[in-house]
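J.: Contents of coords.cif (mmCIF, N, CA and C atoms) are below:
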data_structure
#
loop_
_atom_site.label_atom_id
_atom_site.label_comp_id
_atom_site.auth_asym_id
_atom_site.auth_seq_id
_atom_site.Cartn_x
_atom_site.Cartn_y
_atom_site.Cartn_z
N MET A 79 41.75 -19.30 -8.81
CA MET A 79 42.46 -19.59 -7.59
C MET A 79 42.96 -21.05 -7.59
N VAL A 80 42.11 -21.93 -8.06
CA VAL A 80 42.46 -23.35 -8.12
C VAL A 80 43.62 -23.54 -9.10
N ARG A 81 43.59 -22.79 -10.21
CA ARG A 81 44.65 -22.89 -11.20
C ARG A 81 45.99 -22.45 -10.60
N ILE A 82 45.95 -21.38 -9.85
CA ILE A 82 47.18 -20.86 -9.25
C ILE A 82 47.76 -21.87 -8.27
N VAL A 83 46.92 -22.44 -7.44
CA VAL A 83 47.37 -23.43 -6.46
C VAL A 83 47.92 -24.67 -7.16
N SER A 84 47.24 -25.13 -8.23
CA SER A 84 47.71 -26.31 -8.94
C SER A 84 49.03 -26.03 -9.66
N LEU A 85 49.16 -24.83 -10.24
CA LEU A 85 50.42 -24.46 -10.89
C LEU A 85 51.56 -24.36 -9.87
N LEU A 86 51.26 -23.80 -8.74
CA LEU A 86 52.26 -23.70 -7.67
C LEU A 86 52.69 -25.08 -7.19
N ALA A 87 51.73 -25.99 -7.05
CA ALA A 87 52.04 -27.36 -6.63
C ALA A 87 52.91 -28.05 -7.67
N LEU A 88 52.61 -27.88 -8.95
CA LEU A 88 53.43 -28.46 -10.01
C LEU A 88 54.84 -27.89 -10.00
N PHE A 89 54.93 -26.59 -9.82
CA PHE A 89 56.24 -25.94 -9.78
C PHE A 89 57.09 -26.50 -8.64
N ILE A 90 56.51 -26.63 -7.46
CA ILE A 90 57.23 -27.16 -6.30
C ILE A 90 57.64 -28.61 -6.55
N TYR A 91 56.75 -29.40 -7.13
CA TYR A 91 57.05 -30.80 -7.42
C TYR A 91 58.25 -30.92 -8.36
N PHE A 92 58.23 -30.14 -9.46
CA PHE A 92 59.32 -30.23 -10.43
C PHE A 92 60.64 -29.69 -9.87
N SER A 93 60.57 -28.67 -9.05
CA SER A 93 61.81 -28.14 -8.48
C SER A 93 62.42 -29.13 -7.50
N LEU A 94 61.60 -29.82 -6.73
CA LEU A 94 62.12 -30.82 -5.80
C LEU A 94 62.70 -32.02 -6.55
N THR A 95 62.04 -32.43 -7.61
CA THR A 95 62.52 -33.55 -8.42
C THR A 95 63.86 -33.21 -9.07
N THR A 96 63.97 -32.02 -9.60
CA THR A 96 65.21 -31.58 -10.23
C THR A 96 66.34 -31.53 -9.21
N ASN A 97 66.06 -31.01 -8.03
CA ASN A 97 67.07 -30.92 -6.98
C ASN A 97 67.55 -32.31 -6.56
N ALA A 98 66.65 -33.25 -6.45
CA ALA A 98 67.02 -34.61 -6.08
C ALA A 98 67.90 -35.25 -7.15
N GLN A 99 67.60 -34.99 -8.41
CA GLN A 99 68.41 -35.53 -9.50
C GLN A 99 69.81 -34.95 -9.49
N ASN A 100 69.94 -33.65 -9.18
CA ASN A 100 71.26 -33.03 -9.11
C ASN A 100 72.10 -33.66 -8.01
N LYS A 101 71.51 -33.96 -6.87
CA LYS A 101 72.26 -34.59 -5.79
C LYS A 101 72.75 -35.97 -6.21
N GLN A 102 71.92 -36.72 -6.96
CA GLN A 102 72.33 -38.04 -7.42
C GLN A 102 73.50 -37.93 -8.40
N LEU A 103 73.52 -36.91 -9.23
CA LEU A 103 74.60 -36.74 -10.18
C LEU A 103 75.92 -36.51 -9.47
N PHE A 104 75.91 -35.73 -8.41
CA PHE A 104 77.14 -35.46 -7.68
C PHE A 104 77.62 -36.66 -6.87
N LYS A 105 76.72 -37.51 -6.43
CA LYS A 105 77.13 -38.69 -5.67
C LYS A 105 77.89 -39.67 -6.55
N ASN A 106 77.48 -39.83 -7.80
CA ASN A 106 78.09 -40.79 -8.70
C ASN A 106 79.30 -40.23 -9.45
N LYS A 107 79.65 -39.00 -9.18
CA LYS A 107 80.73 -38.34 -9.89
C LYS A 107 82.07 -38.94 -9.48
N LYS A 108 82.85 -39.37 -10.45
CA LYS A 108 84.17 -39.94 -10.19
C LYS A 108 85.18 -38.81 -10.08
N ARG A 109 86.15 -38.98 -9.20
CA ARG A 109 87.19 -37.97 -9.01
C ARG A 109 88.38 -38.27 -9.92
N LEU A 110 89.04 -37.20 -10.34
CA LEU A 110 90.24 -37.35 -11.15
C LEU A 110 91.39 -37.86 -10.29
N THR A 111 92.34 -38.53 -10.92
CA THR A 111 93.50 -39.02 -10.20
C THR A 111 94.44 -37.85 -9.89
N THR A 112 95.39 -38.10 -9.02
CA THR A 112 96.36 -37.07 -8.65
C THR A 112 97.17 -36.63 -9.85
N GLU A 113 97.57 -37.57 -10.69
CA GLU A 113 98.35 -37.25 -11.88
C GLU A 113 97.55 -36.38 -12.85
N GLN A 114 96.27 -36.73 -13.03
CA GLN A 114 95.43 -35.94 -13.92
C GLN A 114 95.25 -34.52 -13.39
N LEU A 115 95.00 -34.40 -12.10
CA LEU A 115 94.84 -33.08 -11.49
C LEU A 115 96.13 -32.27 -11.60
N THR A 116 97.26 -32.93 -11.41
CA THR A 116 98.55 -32.24 -11.51
C THR A 116 98.77 -31.72 -12.92
N THR A 117 98.52 -32.56 -13.91
CA THR A 117 98.70 -32.14 -15.30
C THR A 117 97.82 -30.95 -15.63
N LEU A 118 96.56 -31.01 -15.22
CA LEU A 118 95.65 -29.90 -15.49
C LEU A 118 96.09 -28.63 -14.79
N LYS A 119 96.53 -28.75 -13.55
CA LYS A 119 96.97 -27.58 -12.78
C LYS A 119 98.19 -26.93 -13.41
N VAL A 120 99.17 -27.74 -13.82
CA VAL A 120 100.38 -27.21 -14.44
C VAL A 120 100.05 -26.53 -15.77
N LYS A 121 99.19 -27.14 -16.56
CA LYS A 121 98.80 -26.53 -17.84
C LYS A 121 98.06 -25.21 -17.63
N LYS A 122 97.20 -25.19 -16.63
CA LYS A 122 96.46 -23.96 -16.34
C LYS A 122 97.42 -22.86 -15.88
N MET A 123 98.38 -23.23 -15.04
CA MET A 123 99.37 -22.26 -14.58
C MET A 123 100.26 -21.80 -15.74
N THR A 124 100.54 -22.69 -16.67
CA THR A 124 101.34 -22.33 -17.84
C THR A 124 100.61 -21.27 -18.66
N LEU A 125 99.31 -21.44 -18.81
CA LEU A 125 98.52 -20.45 -19.56
C LEU A 125 98.41 -19.13 -18.80
N GLU A 126 98.16 -19.20 -17.51
CA GLU A 126 97.95 -17.98 -16.72
C GLU A 126 99.25 -17.21 -16.50
N LEU A 127 100.34 -17.92 -16.23
CA LEU A 127 101.59 -17.27 -15.83
C LEU A 127 102.67 -17.29 -16.90
N GLU A 128 102.37 -17.90 -18.05
CA GLU A 128 103.32 -18.00 -19.15
C GLU A 128 104.63 -18.63 -18.67
N LEU A 129 104.53 -19.83 -18.15
CA LEU A 129 105.69 -20.53 -17.61
C LEU A 129 106.62 -20.99 -18.73
N SER A 130 107.92 -20.99 -18.45
CA SER A 130 108.89 -21.51 -19.41
C SER A 130 108.93 -23.03 -19.29
N GLU A 131 109.70 -23.66 -20.16
CA GLU A 131 109.81 -25.12 -20.13
C GLU A 131 110.41 -25.60 -18.82
N VAL A 132 111.39 -24.88 -18.32
CA VAL A 132 112.04 -25.26 -17.06
C VAL A 132 111.05 -25.11 -15.90
N GLN A 133 110.29 -24.03 -15.92
CA GLN A 133 109.33 -23.78 -14.85
C GLN A 133 108.19 -24.78 -14.85
N GLN A 134 107.90 -25.37 -16.00
CA GLN A 134 106.81 -26.34 -16.08
C GLN A 134 107.16 -27.64 -15.38
N LYS A 135 108.37 -27.76 -14.92
CA LYS A 135 108.79 -28.97 -14.22
C LYS A 135 108.47 -28.88 -12.73
N LEU A 136 107.50 -28.06 -12.37
CA LEU A 136 107.08 -27.94 -10.97
C LEU A 136 106.06 -29.00 -10.58
N THR A 137 105.92 -30.01 -11.41
CA THR A 137 104.93 -31.05 -11.13
C THR A 137 105.14 -31.77 -9.80
N PRO A 138 106.37 -32.02 -9.33
CA PRO A 138 106.49 -32.67 -8.01
C PRO A 138 105.89 -31.83 -6.88
N VAL A 139 106.05 -30.53 -6.98
CA VAL A 139 105.49 -29.64 -5.95
C VAL A 139 103.98 -29.70 -5.97
N ILE A 140 103.40 -29.63 -7.16
CA ILE A 140 101.95 -29.66 -7.32
C ILE A 140 101.41 -31.03 -6.92
N THR A 141 102.11 -32.09 -7.31
CA THR A 141 101.67 -33.45 -6.97
C THR A 141 101.61 -33.63 -5.47
N LYS A 142 102.64 -33.18 -4.78
CA LYS A 142 102.67 -33.30 -3.32
C LYS A 142 101.52 -32.53 -2.69
N LEU A 143 101.28 -31.32 -3.18
CA LEU A 143 100.19 -30.49 -2.65
C LEU A 143 98.83 -31.17 -2.87
N ILE A 144 98.60 -31.66 -4.07
CA ILE A 144 97.31 -32.28 -4.39
C ILE A 144 97.11 -33.57 -3.60
N SER A 145 98.16 -34.38 -3.49
CA SER A 145 98.01 -35.64 -2.75
C SER A 145 97.74 -35.38 -1.27
N GLU A 146 98.42 -34.39 -0.68
CA GLU A 146 98.14 -34.04 0.71
C GLU A 146 96.71 -33.54 0.88
N ARG A 147 96.27 -32.74 -0.07
CA ARG A 147 94.90 -32.21 -0.02
C ARG A 147 93.88 -33.33 -0.14
N LYS A 148 94.14 -34.31 -1.01
CA LYS A 148 93.22 -35.44 -1.17
C LYS A 148 93.16 -36.29 0.10
N ILE A 149 94.32 -36.54 0.69
CA ILE A 149 94.37 -37.34 1.92
C ILE A 149 93.58 -36.65 3.02
N GLU A 150 93.78 -35.35 3.14
CA GLU A 150 93.07 -34.59 4.17
C GLU A 150 91.56 -34.58 3.91
N ALA A 151 91.17 -34.42 2.65
CA ALA A 151 89.74 -34.42 2.31
C ALA A 151 89.10 -35.77 2.59
N ASP A 152 89.80 -36.85 2.27
CA ASP A 152 89.28 -38.19 2.55
C ASP A 152 89.12 -38.41 4.05
N ARG A 153 90.12 -37.98 4.80
CA ARG A 153 90.06 -38.13 6.25
C ARG A 153 88.89 -37.34 6.83
N MET A 154 88.69 -36.13 6.31
CA MET A 154 87.60 -35.28 6.80
C MET A 154 86.24 -35.87 6.44
N SER A 155 86.12 -36.41 5.23
CA SER A 155 84.83 -36.96 4.83
C SER A 155 84.48 -38.22 5.62
N LYS A 156 85.49 -39.01 6.00
CA LYS A 156 85.24 -40.21 6.78
C LYS A 156 84.84 -39.87 8.21
N SER A 157 85.41 -38.81 8.72
CA SER A 157 85.15 -38.47 10.12
C SER A 157 84.38 -37.15 10.23
N ILE A 158 83.34 -37.00 9.43
CA ILE A 158 82.56 -35.76 9.40
C ILE A 158 81.91 -35.45 10.75
N ASN A 159 81.47 -36.47 11.46
CA ASN A 159 80.86 -36.24 12.77
C ASN A 159 81.90 -35.81 13.80
N GLU A 160 83.10 -36.37 13.68
CA GLU A 160 84.16 -35.98 14.61
C GLU A 160 84.59 -34.54 14.39
N VAL A 161 84.55 -34.07 13.15
CA VAL A 161 84.97 -32.71 12.83
C VAL A 161 84.05 -31.69 13.49
N LYS A 162 82.77 -32.01 13.58
CA LYS A 162 81.83 -31.09 14.19
C LYS A 162 82.09 -30.93 15.68
N ASN A 163 82.60 -31.97 16.33
CA ASN A 163 82.83 -31.96 17.77
C ASN A 163 84.32 -31.87 18.11
N ILE A 164 85.11 -31.27 17.25
CA ILE A 164 86.55 -31.22 17.46
C ILE A 164 86.90 -30.23 18.57
N ASP A 165 87.90 -30.57 19.36
CA ASP A 165 88.27 -29.68 20.45
C ASP A 165 89.26 -28.62 19.96
N VAL A 166 89.54 -27.66 20.80
CA VAL A 166 90.33 -26.49 20.41
C VAL A 166 91.76 -26.87 20.03
N SER A 167 92.37 -27.76 20.78
CA SER A 167 93.77 -28.12 20.48
C SER A 167 93.89 -28.83 19.13
N ASN A 168 92.94 -29.71 18.82
CA ASN A 168 92.97 -30.38 17.51
C ASN A 168 92.70 -29.40 16.38
N ARG A 169 91.80 -28.46 16.59
CA ARG A 169 91.52 -27.44 15.59
C ARG A 169 92.78 -26.62 15.33
N TYR A 170 93.49 -26.30 16.41
CA TYR A 170 94.75 -25.54 16.29
C TYR A 170 95.78 -26.34 15.50
N GLU A 171 95.90 -27.63 15.80
CA GLU A 171 96.85 -28.50 15.10
C GLU A 171 96.53 -28.55 13.60
N MET A 172 95.25 -28.72 13.27
CA MET A 172 94.85 -28.79 11.87
C MET A 172 95.15 -27.49 11.15
N ALA A 173 94.81 -26.36 11.76
CA ALA A 173 95.05 -25.06 11.15
C ALA A 173 96.55 -24.82 10.99
N ASN A 174 97.33 -25.24 11.97
CA ASN A 174 98.77 -25.07 11.92
C ASN A 174 99.38 -25.88 10.78
N LYS A 175 98.95 -27.13 10.62
CA LYS A 175 99.44 -27.98 9.52
C LYS A 175 99.08 -27.38 8.16
N PHE A 176 97.84 -26.89 8.06
CA PHE A 176 97.37 -26.30 6.81
C PHE A 176 98.23 -25.08 6.45
N LEU A 177 98.47 -24.22 7.42
CA LEU A 177 99.26 -23.02 7.16
C LEU A 177 100.73 -23.36 6.86
N ASP A 178 101.27 -24.37 7.52
CA ASP A 178 102.64 -24.81 7.22
C ASP A 178 102.76 -25.29 5.77
N ARG A 179 101.77 -26.07 5.33
CA ARG A 179 101.78 -26.54 3.94
C ARG A 179 101.68 -25.36 2.97
N LYS A 180 100.85 -24.41 3.32
CA LYS A 180 100.66 -23.24 2.46
C LYS A 180 101.95 -22.41 2.37
N ILE A 181 102.62 -22.22 3.50
CA ILE A 181 103.89 -21.48 3.52
C ILE A 181 104.95 -22.20 2.69
N MET A 182 105.05 -23.52 2.86
CA MET A 182 106.02 -24.31 2.11
C MET A 182 105.76 -24.20 0.60
N PHE A 183 104.47 -24.30 0.23
CA PHE A 183 104.11 -24.20 -1.19
C PHE A 183 104.48 -22.84 -1.75
N GLN A 184 104.20 -21.78 -1.00
CA GLN A 184 104.50 -20.44 -1.50
C GLN A 184 106.00 -20.21 -1.62
N LYS A 185 106.78 -20.74 -0.68
CA LYS A 185 108.24 -20.61 -0.79
C LYS A 185 108.75 -21.30 -2.05
N LYS A 186 108.24 -22.50 -2.31
CA LYS A 186 108.68 -23.22 -3.51
C LYS A 186 108.25 -22.49 -4.77
N MET A 187 107.02 -21.95 -4.76
CA MET A 187 106.55 -21.21 -5.93
C MET A 187 107.39 -19.95 -6.15
N ARG A 188 107.77 -19.28 -5.07
CA ARG A 188 108.60 -18.08 -5.19
C ARG A 188 109.96 -18.42 -5.79
N SER A 189 110.50 -19.59 -5.42
CA SER A 189 111.81 -19.98 -5.96
C SER A 189 111.71 -20.39 -7.43
N ILE A 190 110.56 -20.88 -7.87
CA ILE A 190 110.40 -21.34 -9.25
C ILE A 190 110.02 -20.20 -10.19
N LEU A 191 109.11 -19.34 -9.75
CA LEU A 191 108.58 -18.29 -10.62
C LEU A 191 109.45 -17.04 -10.58
N THR A 192 109.34 -16.23 -11.64
CA THR A 192 109.98 -14.93 -11.64
C THR A 192 109.16 -13.99 -10.75
N GLU A 193 109.69 -12.82 -10.47
CA GLU A 193 109.00 -11.87 -9.59
C GLU A 193 107.65 -11.44 -10.18
N GLU A 194 107.64 -11.18 -11.48
CA GLU A 194 106.39 -10.77 -12.14
C GLU A 194 105.36 -11.91 -12.13
N GLN A 195 105.81 -13.12 -12.41
CA GLN A 195 104.92 -14.27 -12.40
C GLN A 195 104.38 -14.53 -10.99
N TYR A 196 105.23 -14.34 -9.99
CA TYR A 196 104.81 -14.57 -8.61
C TYR A 196 103.73 -13.56 -8.20
N LYS A 197 103.89 -12.31 -8.61
CA LYS A 197 102.87 -11.29 -8.30
C LYS A 197 101.54 -11.66 -8.95
N LYS A 198 101.61 -12.11 -10.20
CA LYS A 198 100.39 -12.53 -10.90
C LYS A 198 99.77 -13.75 -10.22
N PHE A 199 100.62 -14.70 -9.80
CA PHE A 199 100.17 -15.89 -9.10
C PHE A 199 99.43 -15.50 -7.81
N LYS A 200 100.00 -14.57 -7.05
CA LYS A 200 99.38 -14.13 -5.80
C LYS A 200 98.03 -13.43 -6.07
N SER A 201 97.96 -12.61 -7.11
CA SER A 201 96.70 -11.93 -7.40
C SER A 201 95.63 -12.93 -7.85
N LEU A 202 96.02 -13.93 -8.65
CA LEU A 202 95.07 -14.96 -9.07
C LEU A 202 94.60 -15.78 -7.87
N GLU A 203 95.53 -16.08 -6.96
CA GLU A 203 95.17 -16.83 -5.76
C GLU A 203 94.19 -16.04 -4.90
N LYS A 204 94.41 -14.74 -4.81
CA LYS A 204 93.51 -13.89 -4.04
C LYS A 204 92.10 -13.88 -4.65
N LYS A 205 92.03 -13.80 -5.98
CA LYS A 205 90.73 -13.84 -6.67
C LYS A 205 90.02 -15.17 -6.41
N ARG A 206 90.77 -16.28 -6.49
CA ARG A 206 90.18 -17.59 -6.25
C ARG A 206 89.64 -17.69 -4.82
N ASN A 207 90.41 -17.20 -3.86
CA ASN A 207 89.96 -17.24 -2.48
C ASN A 207 88.69 -16.43 -2.27
N GLN A 208 88.61 -15.28 -2.91
CA GLN A 208 87.40 -14.46 -2.81
C GLN A 208 86.19 -15.18 -3.41
N MET A 209 86.40 -15.83 -4.55
CA MET A 209 85.31 -16.57 -5.18
C MET A 209 84.86 -17.73 -4.30
N MET A 210 85.81 -18.41 -3.67
CA MET A 210 85.46 -19.52 -2.79
C MET A 210 84.69 -19.03 -1.57
N LYS A 211 85.08 -17.88 -1.03
CA LYS A 211 84.35 -17.32 0.11
C LYS A 211 82.93 -16.97 -0.30
N LYS A 212 82.77 -16.37 -1.48
CA LYS A 212 81.43 -16.05 -1.97
C LYS A 212 80.60 -17.32 -2.13
N ARG A 213 81.21 -18.35 -2.71
CA ARG A 213 80.51 -19.60 -2.95
C ARG A 213 80.09 -20.26 -1.64
N ARG A 214 81.02 -20.27 -0.67
CA ARG A 214 80.70 -20.86 0.64
C ARG A 214 79.61 -20.06 1.33
N HIS A 215 79.71 -18.75 1.25
CA HIS A 215 78.74 -17.87 1.88
C HIS A 215 77.36 -18.08 1.26
N HIS A 216 77.33 -18.20 -0.06
CA HIS A 216 76.08 -18.42 -0.77
C HIS A 216 75.51 -19.79 -0.45
N LYS A 217 76.37 -20.78 -0.34
CA LYS A 217 75.94 -22.16 -0.09
C LYS A 217 75.33 -22.31 1.30
N LYS A 218 75.84 -21.56 2.26
CA LYS A 218 75.35 -21.67 3.62
C LYS A 218 73.99 -20.97 3.82
N GLY A 219 73.55 -20.25 2.81
CA GLY A 219 72.23 -19.64 2.90
C GLY A 219 72.23 -18.23 3.45
N PHE A 220 73.38 -17.56 3.39
CA PHE A 220 73.45 -16.20 3.89
C PHE A 220 73.10 -15.16 2.84
N HIS A 221 72.88 -15.61 1.61
CA HIS A 221 72.62 -14.68 0.53
C HIS A 221 71.23 -14.07 0.65
N LYS A 222 71.11 -12.90 0.07
CA LYS A 222 69.80 -12.21 0.08
C LYS A 222 69.19 -12.34 -1.30
N ASN A 223 67.91 -12.58 -1.35
CA ASN A 223 67.21 -12.70 -2.63
C ASN A 223 66.76 -11.35 -3.10
#
Represent the structure of the file as structure tokens.
T.:
Amino acid sequence: MVRIVSLLALFIYFSLTTNAQNKQLFKNKKRLTTEQLTTLKVKKMTLELELSEVQQKLTPVITKLISERKIEADRMSKSINEVKNIDVSNRYEMANKFLDRKIMFQKKMRSILTEEQYKKFKSLEKKRNQMMKKRRHHKKGFHKN
């Protein structure tokens, strides 16, 4: 019985230590620049959608999207307490801006991509959104063991 309790205590100690180290790793993690993220995104899209040379020139669209996303993320991280207590009209404004950006991005993508590439782009986007929902759901502690 003493062995079981001591082993359990050791297990809990090591799991807590490991968890604390993981949090430290993420705090010190440097973020990629907008240009680096744009290059990676365009290359990934080139592989997934088989973009032509002309279509690969969509970097201004991607750059604008990434820079807006970074600005919004920085603003949200600075005002994390304000976000929790946000009123309905501000929440509506934020959601409206987000959806406007998304609509603009999709219109530009539709004009750049062929019909087949656009369908593939939409299906890949749907898969990514599902994965993000799963990840968020799992992170919030709703998962079953």
J.: Fewer than 2 positions away in the same chain doesn't count, so skip those; otherwise give me all residues within 9 Å of region 138-145 of chain A, counting only C-alpha atoms, as number ranges by chain.
T.: A: 112-113, 115-117, 119-120, 135-136, 147-150, 179-180, 183, 186-187
J.: Would you save the residues from that selection as a PDB file, in the frame of the given file, using N, CA and C atoms?
T.:
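Listed below is the output, result_7.pdb:
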ATOM      1  N   THR A 112      95.390 -38.100  -9.020  1.00  0.00           N
ATOM      2  CA  THR A 112      96.360 -37.070  -8.650  1.00  0.00           C
ATOM      3  C   THR A 112      97.170 -36.630  -9.850  1.00  0.00           C
ATOM      4  N   GLU A 113      97.570 -37.570 -10.690  1.00  0.00           N
ATOM      5  CA  GLU A 113      98.350 -37.250 -11.880  1.00  0.00           C
ATOM      6  C   GLU A 113      97.550 -36.380 -12.850  1.00  0.00           C
ATOM      7  N   LEU A 115      95.000 -34.400 -12.100  1.00  0.00           N
ATOM      8  CA  LEU A 115      94.840 -33.080 -11.490  1.00  0.00           C
ATOM      9  C   LEU A 115      96.130 -32.270 -11.600  1.00  0.00           C
ATOM     10  N   THR A 116      97.260 -32.930 -11.410  1.00  0.00           N
ATOM     11  CA  THR A 116      98.550 -32.240 -11.510  1.00  0.00           C
ATOM     12  C   THR A 116      98.770 -31.720 -12.920  1.00  0.00           C
ATOM     13  N   THR A 117      98.520 -32.560 -13.910  1.00  0.00           N
ATOM     14  CA  THR A 117      98.700 -32.140 -15.300  1.00  0.00           C
ATOM     15  C   THR A 117      97.820 -30.950 -15.630  1.00  0.00           C
ATOM     16  N   LYS A 119      96.530 -28.750 -13.550  1.00  0.00           N
ATOM     17  CA  LYS A 119      96.970 -27.580 -12.780  1.00  0.00           C
ATOM     18  C   LYS A 119      98.190 -26.930 -13.410  1.00  0.00           C
ATOM     19  N   VAL A 120      99.170 -27.740 -13.820  1.00  0.00           N
ATOM     20  CA  VAL A 120     100.380 -27.210 -14.440  1.00  0.00           C
ATOM     21  C   VAL A 120     100.050 -26.530 -15.770  1.00  0.00           C
ATOM     22  N   LYS A 135     108.370 -27.760 -14.920  1.00  0.00           N
ATOM     23  CA  LYS A 135     108.790 -28.970 -14.220  1.00  0.00           C
ATOM     24  C   LYS A 135     108.470 -28.880 -12.730  1.00  0.00           C
ATOM     25  N   LEU A 136     107.500 -28.060 -12.370  1.00  0.00           N
ATOM     26  CA  LEU A 136     107.080 -27.940 -10.970  1.00  0.00           C
ATOM     27  C   LEU A 136     106.060 -29.000 -10.580  1.00  0.00           C
ATOM     28  N   ARG A 147      96.270 -32.740  -0.070  1.00  0.00           N
ATOM     29  CA  ARG A 147      94.900 -32.210  -0.020  1.00  0.00           C
ATOM     30  C   ARG A 147      93.880 -33.330  -0.140  1.00  0.00           C
ATOM     31  N   LYS A 148      94.140 -34.310  -1.010  1.00  0.00           N
ATOM     32  CA  LYS A 148      93.220 -35.440  -1.170  1.00  0.00           C
ATOM     33  C   LYS A 148      93.160 -36.290   0.100  1.00  0.00           C
ATOM     34  N   ILE A 149      94.320 -36.540   0.690  1.00  0.00           N
ATOM     35  CA  ILE A 149      94.370 -37.340   1.920  1.00  0.00           C
ATOM     36  C   ILE A 149      93.580 -36.650   3.020  1.00  0.00           C
ATOM     37  N   GLU A 150      93.780 -35.350   3.140  1.00  0.00           N
ATOM     38  CA  GLU A 150      93.070 -34.590   4.170  1.00  0.00           C
ATOM     39  C   GLU A 150      91.560 -34.580   3.910  1.00  0.00           C
ATOM     40  N   ARG A 179     101.770 -26.070   5.330  1.00  0.00           N
ATOM     41  CA  ARG A 179     101.780 -26.540   3.940  1.00  0.00           C
ATOM     42  C   ARG A 179     101.680 -25.360   2.970  1.00  0.00           C
ATOM     43  N   LYS A 180     100.850 -24.410   3.320  1.00  0.00           N
ATOM     44  CA  LYS A 180     100.660 -23.240   2.460  1.00  0.00           C
ATOM     45  C   LYS A 180     101.950 -22.410   2.370  1.00  0.00           C
ATOM     46  N   PHE A 183     104.470 -24.300   0.230  1.00  0.00           N
ATOM     47  CA  PHE A 183     104.110 -24.200  -1.190  1.00  0.00           C
ATOM     48  C   PHE A 183     104.480 -22.840  -1.750  1.00  0.00           C
ATOM     49  N   LYS A 186     108.240 -22.500  -2.310  1.00  0.00           N
ATOM     50  CA  LYS A 186     108.680 -23.220  -3.510  1.00  0.00           C
ATOM     51  C   LYS A 186     108.250 -22.490  -4.770  1.00  0.00           C
ATOM     52  N   MET A 187     107.020 -21.950  -4.760  1.00  0.00           N
ATOM     53  CA  MET A 187     106.550 -21.210  -5.930  1.00  0.00           C
ATOM     54  C   MET A 187     107.390 -19.950  -6.150  1.00  0.00           C
TER      55      MET A 187
END
J.: Figure out the distance between CA of Gln208 (chain A) and atom N of Thr124 (chain A), please, to one decimal in Å.
T.: 20.8 Å
J.: Rounded to one decimal in Å, what is the spacing between atom N of Lys197 (chain A) and atom C of Glu146 (chain A)?
T.: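 One can read the atom N of Lys197 (chain A) to atom C of Glu146 (chain A) distance as 24.3 Å.
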J.: Can you list, as a ChimeraX atom specification, every residue of region 99-153 of chain A that DSSP puts in alpha helix (DSSP H)?
T.: /A:99-105,112-127,137-153
J.: What does the distance from atom C of Asn174 (chain A) to CA of Lys204 (chain A) come to in Å, to one decimal?
T.: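 Atom-to-atom, atom C of Asn174 (chain A) to CA of Lys204 (chain A), that is 19.9 Å.
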J.: Can you translate the PyMOL selection byres (((chain A and resi 199 and name CA) around 12) and name CA) into the concrete residues it hits in this file, as a VMD selection string?
T.: chain A and resid 122 to 129 184 187 to 188 190 to 198 200 to 206
